[in-house]
Amino acid sequence: MTSLYLYPVWLRLWHWVNALLFLTLIASGVSMHYAGADWLMPFATARVVHNTAGILLTIGWIGFVVANARSENARHYRVRFRTLIGDLIAQTRYYMIGIFRLEPHPFHVTEAMKFNTLQQLSYLGVMYGLMPILLLSGWAFLYSVYLPETLFGLGSVWVVAMTHVVVSYLLALFLLVHIYIITTGETVFSNLRAMITGWHRESDPTRTETTAPTPRETP
């Protein structure tokens with residue numbers, strides 16, 4: 001059994017607060033989008049909740065970017081281009097075929113790399129691609145009175161609204177995939193437990209580290 005402390009307190013706190021805010025945004029956003037359909041909350045309430053959660057999500061995202069850049073956690077977001085294609089093919093094949101044949105996982109978590117290639121690319125795309133677009137479009141929507149009348153030859157409010165909606169759908173889809181992926185660890189709850197305790201624990205007979213664990217490998 002190998003134990004690695006990969007999720008510091010700040011990261012776990014941000015993760016769970018971010019998850020709560022995102023679920024709140026989904027609930028309030030759906031309630032506003034389908035106003036009058038008697039969804040989770042009235043439109044007026046949903047608007048206040050959505051705007052408040054959006055402001056907090058923005059603060060949280062900025063905090064994540066700054067903390068990630070200034071901590072050792074940044075190394076997990078550095079793409080290894082030399083082996084990228086091979087790792088991507090192996091990981092994709094595992095999720096599409098190997099996992100259903102009970103084949104061994106092609107990737108093993110290490111202190112230097114806690115994300116497999118697909119996870120790394122998806123987290124980079126979400127945190128440094130979709131999230132900024134979501135937040136910028138949300139703020140533009142909030143202060144739409146200051147937007148120009150048209151953008152790209154179309155009504156600016158319509159462009160902002162469609163961008164915000166499409167990106168929110170993509171992030172909601174990512175959330176569903178993310179929930180599934182966390183169940184594909186060594187056990188159904190091992191990845192979830194790691195994000196609660198901070199410690200990733202894995203037993204892998206193929207590892208070469210058979211010597212006594214170092215102090216950093218044991219809680």
# chains A, B, ... in the order shown; residues from 1 in each chain; ligands from 1

$ residues_around --residues "segment 148-163 of chain A" --least-positions-apart "6" --cutoff "9 Å" --atoms "only C-alpha atoms" --output "list in words"
Ile133, Leu134, Ser137, Gly138, Ala140 and Phe141 of chain A

$ select_by_dssp --residues "chain A" --states "alpha helix (DSSP H)" --output "compact mmCIF listing (two decimals) with N, CA, C and O atoms, in the first residue's frame"
# COMPACT_ATOMS: atom_id res chain seq x y z
N VAL A 9 -4.86 21.04 2.09
CA VAL A 9 -6.11 21.56 2.66
C VAL A 9 -6.74 22.62 1.77
O VAL A 9 -7.95 22.60 1.52
N TRP A 10 -5.94 23.56 1.27
CA TRP A 10 -6.50 24.64 0.45
C TRP A 10 -7.19 24.09 -0.79
O TRP A 10 -8.25 24.60 -1.19
N LEU A 11 -6.60 23.04 -1.38
CA LEU A 11 -7.17 22.47 -2.60
C LEU A 11 -8.47 21.75 -2.32
O LEU A 11 -9.45 21.88 -3.07
N ARG A 12 -8.52 21.01 -1.21
CA ARG A 12 -9.75 20.29 -0.85
C ARG A 12 -10.86 21.28 -0.50
O ARG A 12 -12.01 21.09 -0.89
N LEU A 13 -10.50 22.32 0.24
CA LEU A 13 -11.50 23.33 0.61
C LEU A 13 -12.06 24.01 -0.63
O LEU A 13 -13.28 24.15 -0.78
N TRP A 14 -11.16 24.41 -1.55
CA TRP A 14 -11.62 25.03 -2.79
C TRP A 14 -12.50 24.06 -3.58
O TRP A 14 -13.55 24.45 -4.12
N HIS A 15 -12.10 22.81 -3.68
CA HIS A 15 -12.83 21.82 -4.48
C HIS A 15 -14.27 21.68 -4.02
O HIS A 15 -15.21 21.73 -4.82
N TRP A 16 -14.49 21.52 -2.71
CA TRP A 16 -15.84 21.28 -2.21
C TRP A 16 -16.68 22.55 -2.23
O TRP A 16 -17.89 22.49 -2.51
N VAL A 17 -16.06 23.70 -1.96
CA VAL A 17 -16.81 24.96 -2.07
C VAL A 17 -17.17 25.22 -3.53
O VAL A 17 -18.30 25.62 -3.85
N ASN A 18 -16.25 24.97 -4.43
CA ASN A 18 -16.50 25.15 -5.86
C ASN A 18 -17.62 24.23 -6.33
O ASN A 18 -18.49 24.64 -7.11
N ALA A 19 -17.61 22.99 -5.86
CA ALA A 19 -18.67 22.04 -6.24
C ALA A 19 -20.03 22.52 -5.75
O ALA A 19 -21.03 22.46 -6.50
N LEU A 20 -20.09 23.00 -4.52
CA LEU A 20 -21.35 23.51 -3.97
C LEU A 20 -21.85 24.71 -4.76
O LEU A 20 -23.04 24.81 -5.08
N LEU A 21 -20.94 25.63 -5.08
CA LEU A 21 -21.32 26.82 -5.84
C LEU A 21 -21.80 26.44 -7.23
O LEU A 21 -22.78 27.01 -7.74
N PHE A 22 -21.13 25.47 -7.85
CA PHE A 22 -21.51 25.09 -9.20
C PHE A 22 -22.88 24.43 -9.22
O PHE A 22 -23.70 24.70 -10.11
N LEU A 23 -23.17 23.60 -8.24
CA LEU A 23 -24.50 23.00 -8.15
C LEU A 23 -25.57 24.06 -7.90
O LEU A 23 -26.68 23.99 -8.44
N THR A 24 -25.22 25.05 -7.09
CA THR A 24 -26.14 26.17 -6.84
C THR A 24 -26.40 26.94 -8.11
O THR A 24 -27.54 27.34 -8.40
N LEU A 25 -25.36 27.16 -8.91
CA LEU A 25 -25.51 27.87 -10.18
C LEU A 25 -26.36 27.08 -11.16
O LEU A 25 -27.17 27.66 -11.91
N ILE A 26 -26.22 25.77 -11.18
CA ILE A 26 -27.04 24.95 -12.06
C ILE A 26 -28.51 25.06 -11.67
O ILE A 26 -29.38 25.28 -12.51
N ALA A 27 -28.78 24.92 -10.37
CA ALA A 27 -30.16 24.97 -9.89
C ALA A 27 -30.79 26.33 -10.15
O ALA A 27 -31.92 26.42 -10.66
N SER A 28 -30.07 27.39 -9.84
CA SER A 28 -30.62 28.73 -10.03
C SER A 28 -30.68 29.10 -11.51
O SER A 28 -31.63 29.76 -11.97
N GLY A 29 -29.69 28.65 -12.29
CA GLY A 29 -29.69 28.94 -13.72
C GLY A 29 -30.85 28.27 -14.44
O GLY A 29 -31.51 28.88 -15.29
N VAL A 30 -31.10 26.99 -14.10
CA VAL A 30 -32.23 26.28 -14.69
C VAL A 30 -33.54 26.95 -14.30
O VAL A 30 -34.46 27.09 -15.11
N SER A 31 -33.63 27.39 -13.04
CA SER A 31 -34.85 28.04 -12.57
C SER A 31 -35.12 29.34 -13.31
O SER A 31 -36.27 29.67 -13.61
N MET A 32 -34.05 30.08 -13.65
CA MET A 32 -34.23 31.31 -14.42
C MET A 32 -34.52 31.02 -15.88
O MET A 32 -35.36 31.68 -16.50
N HIS A 33 -33.83 30.03 -16.43
CA HIS A 33 -33.99 29.71 -17.85
C HIS A 33 -35.41 29.24 -18.16
O HIS A 33 -35.97 29.54 -19.22
N PHE A 43 -38.16 33.12 -9.99
CA PHE A 43 -37.17 33.83 -10.81
C PHE A 43 -36.40 34.86 -9.99
O PHE A 43 -35.17 34.94 -10.08
N ALA A 44 -37.11 35.68 -9.21
CA ALA A 44 -36.45 36.74 -8.44
C ALA A 44 -35.43 36.17 -7.47
O ALA A 44 -34.32 36.69 -7.32
N THR A 45 -35.80 35.09 -6.81
CA THR A 45 -34.88 34.44 -5.88
C THR A 45 -33.70 33.82 -6.62
O THR A 45 -32.55 33.95 -6.21
N ALA A 46 -34.02 33.14 -7.72
CA ALA A 46 -32.97 32.48 -8.51
C ALA A 46 -31.96 33.48 -9.03
O ALA A 46 -30.76 33.20 -9.06
N ARG A 47 -32.41 34.67 -9.43
CA ARG A 47 -31.49 35.69 -9.94
C ARG A 47 -30.51 36.13 -8.87
O ARG A 47 -29.29 36.23 -9.13
N VAL A 48 -30.99 36.38 -7.67
CA VAL A 48 -30.11 36.80 -6.57
C VAL A 48 -29.13 35.68 -6.21
O VAL A 48 -27.93 35.91 -6.04
N VAL A 49 -29.65 34.47 -6.11
CA VAL A 49 -28.81 33.32 -5.78
C VAL A 49 -27.75 33.10 -6.85
O VAL A 49 -26.56 32.87 -6.56
N HIS A 50 -28.17 33.18 -8.11
CA HIS A 50 -27.24 32.95 -9.23
C HIS A 50 -26.14 34.00 -9.27
O HIS A 50 -24.95 33.65 -9.42
N ASN A 51 -26.51 35.24 -9.13
CA ASN A 51 -25.51 36.31 -9.16
C ASN A 51 -24.53 36.21 -7.99
O ASN A 51 -23.33 36.40 -8.16
N THR A 52 -25.06 35.91 -6.81
CA THR A 52 -24.20 35.78 -5.63
C THR A 52 -23.23 34.61 -5.78
O THR A 52 -22.03 34.74 -5.51
N ALA A 53 -23.76 33.47 -6.21
CA ALA A 53 -22.91 32.29 -6.40
C ALA A 53 -21.88 32.54 -7.49
O ALA A 53 -20.74 32.07 -7.40
N GLY A 54 -22.26 33.29 -8.54
CA GLY A 54 -21.33 33.60 -9.61
C GLY A 54 -20.18 34.47 -9.14
O GLY A 54 -19.03 34.27 -9.54
N ILE A 55 -20.48 35.45 -8.29
CA ILE A 55 -19.43 36.30 -7.74
C ILE A 55 -18.47 35.48 -6.88
O ILE A 55 -17.24 35.61 -6.98
N LEU A 56 -19.03 34.61 -6.04
CA LEU A 56 -18.20 33.76 -5.19
C LEU A 56 -17.37 32.77 -6.03
O LEU A 56 -16.22 32.48 -5.70
N LEU A 57 -17.97 32.25 -7.11
CA LEU A 57 -17.24 31.33 -7.99
C LEU A 57 -16.07 32.05 -8.64
O LEU A 57 -14.98 31.46 -8.80
N THR A 58 -16.26 33.31 -9.01
CA THR A 58 -15.18 34.09 -9.61
C THR A 58 -14.03 34.26 -8.62
O THR A 58 -12.86 34.07 -8.98
N ILE A 59 -14.37 34.62 -7.39
CA ILE A 59 -13.34 34.78 -6.36
C ILE A 59 -12.61 33.46 -6.14
O ILE A 59 -11.37 33.43 -6.02
N GLY A 60 -13.37 32.38 -6.08
CA GLY A 60 -12.77 31.06 -5.88
C GLY A 60 -11.86 30.66 -7.02
O GLY A 60 -10.78 30.10 -6.80
N TRP A 61 -12.27 30.96 -8.27
CA TRP A 61 -11.44 30.61 -9.42
C TRP A 61 -10.13 31.40 -9.42
O TRP A 61 -9.06 30.84 -9.68
N ILE A 62 -10.21 32.68 -9.13
CA ILE A 62 -8.99 33.49 -9.05
C ILE A 62 -8.07 32.96 -7.95
O ILE A 62 -6.86 32.84 -8.14
N GLY A 63 -8.67 32.60 -6.82
CA GLY A 63 -7.88 32.03 -5.73
C GLY A 63 -7.21 30.73 -6.14
O GLY A 63 -6.04 30.49 -5.80
N PHE A 64 -7.93 29.89 -6.89
CA PHE A 64 -7.34 28.63 -7.36
C PHE A 64 -6.17 28.89 -8.29
O PHE A 64 -5.11 28.26 -8.16
N VAL A 65 -6.35 29.77 -9.26
CA VAL A 65 -5.29 30.05 -10.23
C VAL A 65 -4.03 30.55 -9.53
O VAL A 65 -2.91 30.11 -9.82
N VAL A 66 -4.21 31.47 -8.59
CA VAL A 66 -3.06 32.03 -7.87
C VAL A 66 -2.40 30.96 -7.00
O VAL A 66 -1.17 30.79 -7.03
N ALA A 67 -3.20 30.23 -6.22
CA ALA A 67 -2.65 29.20 -5.33
C ALA A 67 -2.00 28.08 -6.13
O ALA A 67 -0.95 27.56 -5.74
N ASN A 68 -2.61 27.72 -7.25
CA ASN A 68 -2.05 26.64 -8.06
C ASN A 68 -0.70 27.04 -8.66
O ASN A 68 0.22 26.23 -8.72
N ALA A 69 -0.59 28.31 -9.08
CA ALA A 69 0.66 28.79 -9.67
C ALA A 69 1.77 28.89 -8.64
O ALA A 69 2.95 28.74 -8.98
N ARG A 70 1.42 29.13 -7.39
CA ARG A 70 2.42 29.36 -6.35
C ARG A 70 2.71 28.11 -5.51
O ARG A 70 3.51 28.18 -4.58
N LEU A 84 2.79 12.27 -24.90
CA LEU A 84 1.38 12.64 -24.89
C LEU A 84 0.51 11.73 -25.76
O LEU A 84 -0.51 11.21 -25.28
N ILE A 85 0.89 11.51 -27.00
CA ILE A 85 0.05 10.74 -27.92
C ILE A 85 -0.12 9.30 -27.45
O ILE A 85 -1.24 8.77 -27.39
N GLY A 86 0.99 8.67 -27.07
CA GLY A 86 0.92 7.28 -26.61
C GLY A 86 0.09 7.14 -25.35
O GLY A 86 -0.74 6.22 -25.23
N ASP A 87 0.30 8.06 -24.40
CA ASP A 87 -0.47 8.03 -23.16
C ASP A 87 -1.95 8.27 -23.42
O ASP A 87 -2.81 7.65 -22.80
N LEU A 88 -2.24 9.18 -24.36
CA LEU A 88 -3.63 9.50 -24.68
C LEU A 88 -4.34 8.31 -25.30
O LEU A 88 -5.49 7.99 -24.94
N ILE A 89 -3.66 7.61 -26.19
CA ILE A 89 -4.25 6.43 -26.82
C ILE A 89 -4.49 5.33 -25.79
O ILE A 89 -5.55 4.71 -25.75
N ALA A 90 -3.48 5.10 -24.93
CA ALA A 90 -3.61 4.04 -23.92
C ALA A 90 -4.73 4.33 -22.94
O ALA A 90 -5.52 3.45 -22.58
N GLN A 91 -4.84 5.60 -22.51
CA GLN A 91 -5.87 5.95 -21.54
C GLN A 91 -7.26 5.90 -22.16
O GLN A 91 -8.22 5.43 -21.52
N THR A 92 -7.38 6.35 -23.40
CA THR A 92 -8.67 6.31 -24.09
C THR A 92 -9.11 4.87 -24.29
O THR A 92 -10.29 4.53 -24.08
N ARG A 93 -8.18 4.01 -24.71
CA ARG A 93 -8.52 2.60 -24.91
C ARG A 93 -8.96 1.96 -23.60
O ARG A 93 -9.90 1.15 -23.56
N TYR A 94 -8.31 2.35 -22.50
CA TYR A 94 -8.68 1.77 -21.20
C TYR A 94 -10.11 2.14 -20.83
O TYR A 94 -10.89 1.28 -20.41
N TYR A 95 -10.46 3.42 -20.98
CA TYR A 95 -11.81 3.85 -20.60
C TYR A 95 -12.88 3.28 -21.52
O TYR A 95 -14.01 3.05 -21.10
N MET A 96 -12.53 3.03 -22.78
CA MET A 96 -13.50 2.53 -23.74
C MET A 96 -13.61 1.01 -23.75
O MET A 96 -14.68 0.44 -24.00
N THR A 117 -3.42 11.26 -18.49
CA THR A 117 -3.38 12.23 -19.58
C THR A 117 -4.75 12.83 -19.89
O THR A 117 -4.88 14.05 -20.08
N LEU A 118 -5.79 12.02 -19.93
CA LEU A 118 -7.12 12.53 -20.22
C LEU A 118 -7.61 13.46 -19.11
O LEU A 118 -8.23 14.50 -19.38
N GLN A 119 -7.34 13.09 -17.87
CA GLN A 119 -7.72 13.96 -16.76
C GLN A 119 -6.99 15.29 -16.85
O GLN A 119 -7.58 16.36 -16.68
N GLN A 120 -5.69 15.22 -17.12
CA GLN A 120 -4.90 16.44 -17.17
C GLN A 120 -5.40 17.39 -18.26
O GLN A 120 -5.58 18.59 -18.02
N LEU A 121 -5.65 16.86 -19.45
CA LEU A 121 -6.12 17.70 -20.54
C LEU A 121 -7.50 18.26 -20.26
O LEU A 121 -7.80 19.41 -20.58
N SER A 122 -8.37 17.43 -19.67
CA SER A 122 -9.73 17.91 -19.38
C SER A 122 -9.71 18.97 -18.28
O SER A 122 -10.41 19.99 -18.39
N TYR A 123 -8.89 18.80 -17.24
CA TYR A 123 -8.82 19.80 -16.18
C TYR A 123 -8.20 21.10 -16.68
O TYR A 123 -8.62 22.20 -16.29
N LEU A 124 -7.20 20.99 -17.55
CA LEU A 124 -6.63 22.20 -18.15
C LEU A 124 -7.68 22.93 -18.98
O LEU A 124 -7.80 24.16 -18.90
N GLY A 125 -8.43 22.16 -19.78
CA GLY A 125 -9.45 22.77 -20.62
C GLY A 125 -10.56 23.42 -19.81
O GLY A 125 -11.05 24.50 -20.16
N MET A 131 -13.85 27.74 -17.82
CA MET A 131 -14.19 28.55 -16.65
C MET A 131 -14.02 30.04 -16.89
O MET A 131 -14.91 30.84 -16.55
N PRO A 132 -12.90 30.50 -17.48
CA PRO A 132 -12.79 31.94 -17.75
C PRO A 132 -13.90 32.44 -18.69
O PRO A 132 -14.41 33.54 -18.49
N ILE A 133 -14.26 31.63 -19.69
CA ILE A 133 -15.32 32.04 -20.61
C ILE A 133 -16.65 32.13 -19.87
O ILE A 133 -17.43 33.08 -20.07
N LEU A 134 -16.92 31.14 -19.02
CA LEU A 134 -18.16 31.15 -18.25
C LEU A 134 -18.24 32.39 -17.37
O LEU A 134 -19.27 33.08 -17.34
N LEU A 135 -17.16 32.69 -16.67
CA LEU A 135 -17.17 33.82 -15.74
C LEU A 135 -17.25 35.15 -16.48
O LEU A 135 -18.00 36.05 -16.09
N LEU A 136 -16.48 35.30 -17.55
CA LEU A 136 -16.51 36.55 -18.31
C LEU A 136 -17.88 36.79 -18.94
O LEU A 136 -18.39 37.91 -18.92
N SER A 137 -18.48 35.73 -19.48
CA SER A 137 -19.80 35.89 -20.08
C SER A 137 -20.85 36.18 -19.00
O SER A 137 -21.80 36.93 -19.24
N GLY A 138 -20.67 35.59 -17.82
CA GLY A 138 -21.58 35.86 -16.72
C GLY A 138 -21.52 37.31 -16.28
O GLY A 138 -22.55 37.97 -16.07
N TRP A 139 -20.31 37.83 -16.14
CA TRP A 139 -20.15 39.24 -15.75
C TRP A 139 -20.65 40.17 -16.85
O TRP A 139 -21.25 41.22 -16.58
N ALA A 140 -20.41 39.79 -18.11
CA ALA A 140 -20.91 40.60 -19.23
C ALA A 140 -22.43 40.61 -19.25
O ALA A 140 -23.05 41.64 -19.54
N PHE A 141 -23.02 39.47 -18.92
CA PHE A 141 -24.48 39.39 -18.85
C PHE A 141 -25.01 40.27 -17.71
O PHE A 141 -26.03 40.95 -17.84
N LEU A 142 -24.29 40.24 -16.58
CA LEU A 142 -24.71 41.01 -15.42
C LEU A 142 -24.67 42.51 -15.71
O LEU A 142 -25.53 43.27 -15.25
N SER A 156 -25.36 41.92 -29.09
CA SER A 156 -24.34 41.57 -28.10
C SER A 156 -24.92 40.76 -26.94
O SER A 156 -24.29 39.79 -26.47
N VAL A 157 -26.11 41.11 -26.47
CA VAL A 157 -26.70 40.37 -25.36
C VAL A 157 -26.98 38.93 -25.77
O VAL A 157 -26.76 37.99 -25.00
N TRP A 158 -27.43 38.72 -27.00
CA TRP A 158 -27.70 37.36 -27.48
C TRP A 158 -26.41 36.56 -27.55
O TRP A 158 -26.37 35.39 -27.14
N VAL A 159 -25.33 37.16 -28.06
CA VAL A 159 -24.03 36.48 -28.15
C VAL A 159 -23.55 36.06 -26.77
O VAL A 159 -23.12 34.93 -26.54
N VAL A 160 -23.62 36.99 -25.82
CA VAL A 160 -23.18 36.71 -24.45
C VAL A 160 -24.04 35.62 -23.83
O VAL A 160 -23.53 34.69 -23.18
N ALA A 161 -25.35 35.74 -24.00
CA ALA A 161 -26.27 34.76 -23.40
C ALA A 161 -26.03 33.37 -23.95
O ALA A 161 -25.98 32.39 -23.20
N MET A 162 -25.89 33.24 -25.28
CA MET A 162 -25.67 31.93 -25.89
C MET A 162 -24.32 31.35 -25.48
O MET A 162 -24.20 30.15 -25.24
N THR A 163 -23.31 32.20 -25.40
CA THR A 163 -22.00 31.73 -24.95
C THR A 163 -22.09 31.19 -23.53
O THR A 163 -21.56 30.11 -23.23
N HIS A 164 -22.76 31.93 -22.67
CA HIS A 164 -22.90 31.53 -21.27
C HIS A 164 -23.65 30.21 -21.14
O HIS A 164 -23.24 29.32 -20.39
N VAL A 165 -24.73 30.07 -21.90
CA VAL A 165 -25.54 28.85 -21.82
C VAL A 165 -24.78 27.64 -22.35
O VAL A 165 -24.76 26.57 -21.73
N VAL A 166 -24.14 27.79 -23.52
CA VAL A 166 -23.41 26.66 -24.12
C VAL A 166 -22.28 26.20 -23.21
O VAL A 166 -22.09 25.00 -22.97
N VAL A 167 -21.51 27.15 -22.68
CA VAL A 167 -20.39 26.78 -21.80
C VAL A 167 -20.91 26.14 -20.51
O VAL A 167 -20.31 25.19 -20.00
N SER A 168 -22.02 26.63 -19.99
CA SER A 168 -22.58 26.04 -18.77
C SER A 168 -23.03 24.61 -19.02
O SER A 168 -22.85 23.74 -18.17
N TYR A 169 -23.58 24.34 -20.21
CA TYR A 169 -23.96 22.96 -20.56
C TYR A 169 -22.73 22.06 -20.64
O TYR A 169 -22.74 20.91 -20.18
N LEU A 170 -21.66 22.58 -21.25
CA LEU A 170 -20.42 21.80 -21.36
C LEU A 170 -19.84 21.48 -19.98
O LEU A 170 -19.36 20.37 -19.72
N LEU A 171 -19.89 22.45 -19.08
CA LEU A 171 -19.38 22.23 -17.73
C LEU A 171 -20.26 21.29 -16.94
O LEU A 171 -19.77 20.50 -16.13
N ALA A 172 -21.58 21.35 -17.17
CA ALA A 172 -22.48 20.40 -16.52
C ALA A 172 -22.19 18.98 -17.01
O ALA A 172 -22.21 18.01 -16.23
N LEU A 173 -21.89 18.84 -18.31
CA LEU A 173 -21.52 17.54 -18.86
C LEU A 173 -20.21 17.05 -18.25
O LEU A 173 -20.07 15.87 -17.89
N PHE A 174 -19.25 17.97 -18.11
CA PHE A 174 -17.98 17.61 -17.46
C PHE A 174 -18.22 17.13 -16.03
O PHE A 174 -17.58 16.17 -15.59
N LEU A 175 -19.14 17.77 -15.34
CA LEU A 175 -19.44 17.37 -13.96
C LEU A 175 -19.94 15.94 -13.91
O LEU A 175 -19.53 15.16 -13.04
N LEU A 176 -20.81 15.57 -14.83
CA LEU A 176 -21.34 14.20 -14.87
C LEU A 176 -20.22 13.20 -15.15
O LEU A 176 -20.14 12.15 -14.50
N VAL A 177 -19.36 13.53 -16.12
CA VAL A 177 -18.23 12.64 -16.43
C VAL A 177 -17.28 12.56 -15.24
O VAL A 177 -16.77 11.48 -14.91
N HIS A 178 -17.06 13.68 -14.59
CA HIS A 178 -16.17 13.74 -13.43
C HIS A 178 -16.68 12.84 -12.31
O HIS A 178 -15.90 12.10 -11.69
N ILE A 179 -17.98 12.86 -12.07
CA ILE A 179 -18.56 12.02 -11.03
C ILE A 179 -18.36 10.55 -11.37
O ILE A 179 -18.05 9.72 -10.49
N TYR A 180 -18.50 10.21 -12.65
CA TYR A 180 -18.27 8.82 -13.07
C TYR A 180 -16.80 8.43 -12.90
O TYR A 180 -16.49 7.36 -12.36
N ILE A 181 -15.91 9.30 -13.35
CA ILE A 181 -14.48 8.97 -13.33
C ILE A 181 -13.97 8.74 -11.91
O ILE A 181 -13.11 7.89 -11.68
N SER A 190 -12.36 5.21 -3.45
CA SER A 190 -10.98 5.57 -3.10
C SER A 190 -10.61 6.98 -3.56
O SER A 190 -9.95 7.73 -2.82
N ASN A 191 -11.04 7.38 -4.75
CA ASN A 191 -10.74 8.74 -5.22
C ASN A 191 -11.50 9.79 -4.43
O ASN A 191 -10.98 10.87 -4.13
N LEU A 192 -12.75 9.49 -4.09
CA LEU A 192 -13.54 10.41 -3.28
C LEU A 192 -12.92 10.55 -1.89
O LEU A 192 -12.82 11.67 -1.35
N ARG A 193 -12.48 9.45 -1.32
CA ARG A 193 -11.85 9.48 0.00
C ARG A 193 -10.58 10.32 -0.03
O ARG A 193 -10.28 11.04 0.92
N ALA A 194 -9.83 10.24 -1.14
CA ALA A 194 -8.60 11.02 -1.25
C ALA A 194 -8.87 12.51 -1.22
O ALA A 194 -8.12 13.29 -0.62
N MET A 195 -9.97 12.94 -1.85
CA MET A 195 -10.30 14.35 -1.86
C MET A 195 -10.88 14.82 -0.53
O MET A 195 -10.99 16.01 -0.28
N ILE A 196 -11.20 13.91 0.34
CA ILE A 196 -11.67 14.26 1.69
C ILE A 196 -10.51 14.28 2.67
O ILE A 196 -10.37 15.20 3.48
N THR A 197 -9.63 13.27 2.59
CA THR A 197 -8.53 13.15 3.55
C THR A 197 -7.25 13.82 3.07
O THR A 197 -6.40 14.18 3.88

$ atom_distance --atom1 "atom CA of Ser3 of chain A" --atom2 "atom CA of Phe107 of chain A"
16.0 Å

$ residues_around --residues "segment 200-203 of chain A" --least-positions-apart "2" --cutoff "7 Å" --atoms "only C-alpha atoms" --output "VMD selection string"
chain A and resid 1 to 6 186 194 198 205

$ select_by_dssp --residues "segment 21-216 of chain A" --states "strand (DSSP E or B)" --output "list in words"
Thr150, Leu151, Leu154, Gly155, Trp199, His200, Arg201 and Glu202 of chain A

$ write_last_selection --atoms "C-alpha atoms" --output "PDB file, in the first residue's frame"
ATOM      1  CA  THR A 150     -23.667  44.337 -31.586  1.00  0.00           C
ATOM      2  CA  LEU A 151     -20.845  41.796 -31.450  1.00  0.00           C
ATOM      3  CA  LEU A 154     -25.163  40.017 -33.895  1.00  0.00           C
ATOM      4  CA  GLY A 155     -26.932  41.444 -30.870  1.00  0.00           C
ATOM      5  CA  TRP A 199      -4.174  11.059   0.966  1.00  0.00           C
ATOM      6  CA  HIS A 200      -4.177   8.899  -2.155  1.00  0.00           C
ATOM      7  CA  ARG A 201      -3.757   5.264  -1.201  1.00  0.00           C
ATOM      8  CA  GLU A 202      -3.112   2.554  -3.755  1.00  0.00           C
TER       9      GLU A 202
END

$ closest_residue --among "A:Ile182, A:Leu40, A:His76, A:Ser71" --to "Glu111 of chain A" --atoms "only C-alpha atoms"
A:His76

$ atom_distance --atom1 "atom CA of Ala112 of chain A" --atom2 "atom CA of Arg78 of chain A"
10.1 Å

$ atom_distance --atom1 "atom CA of Met41 of chain A" --atom2 "atom CA of Val145 of chain A"
25.7 Å
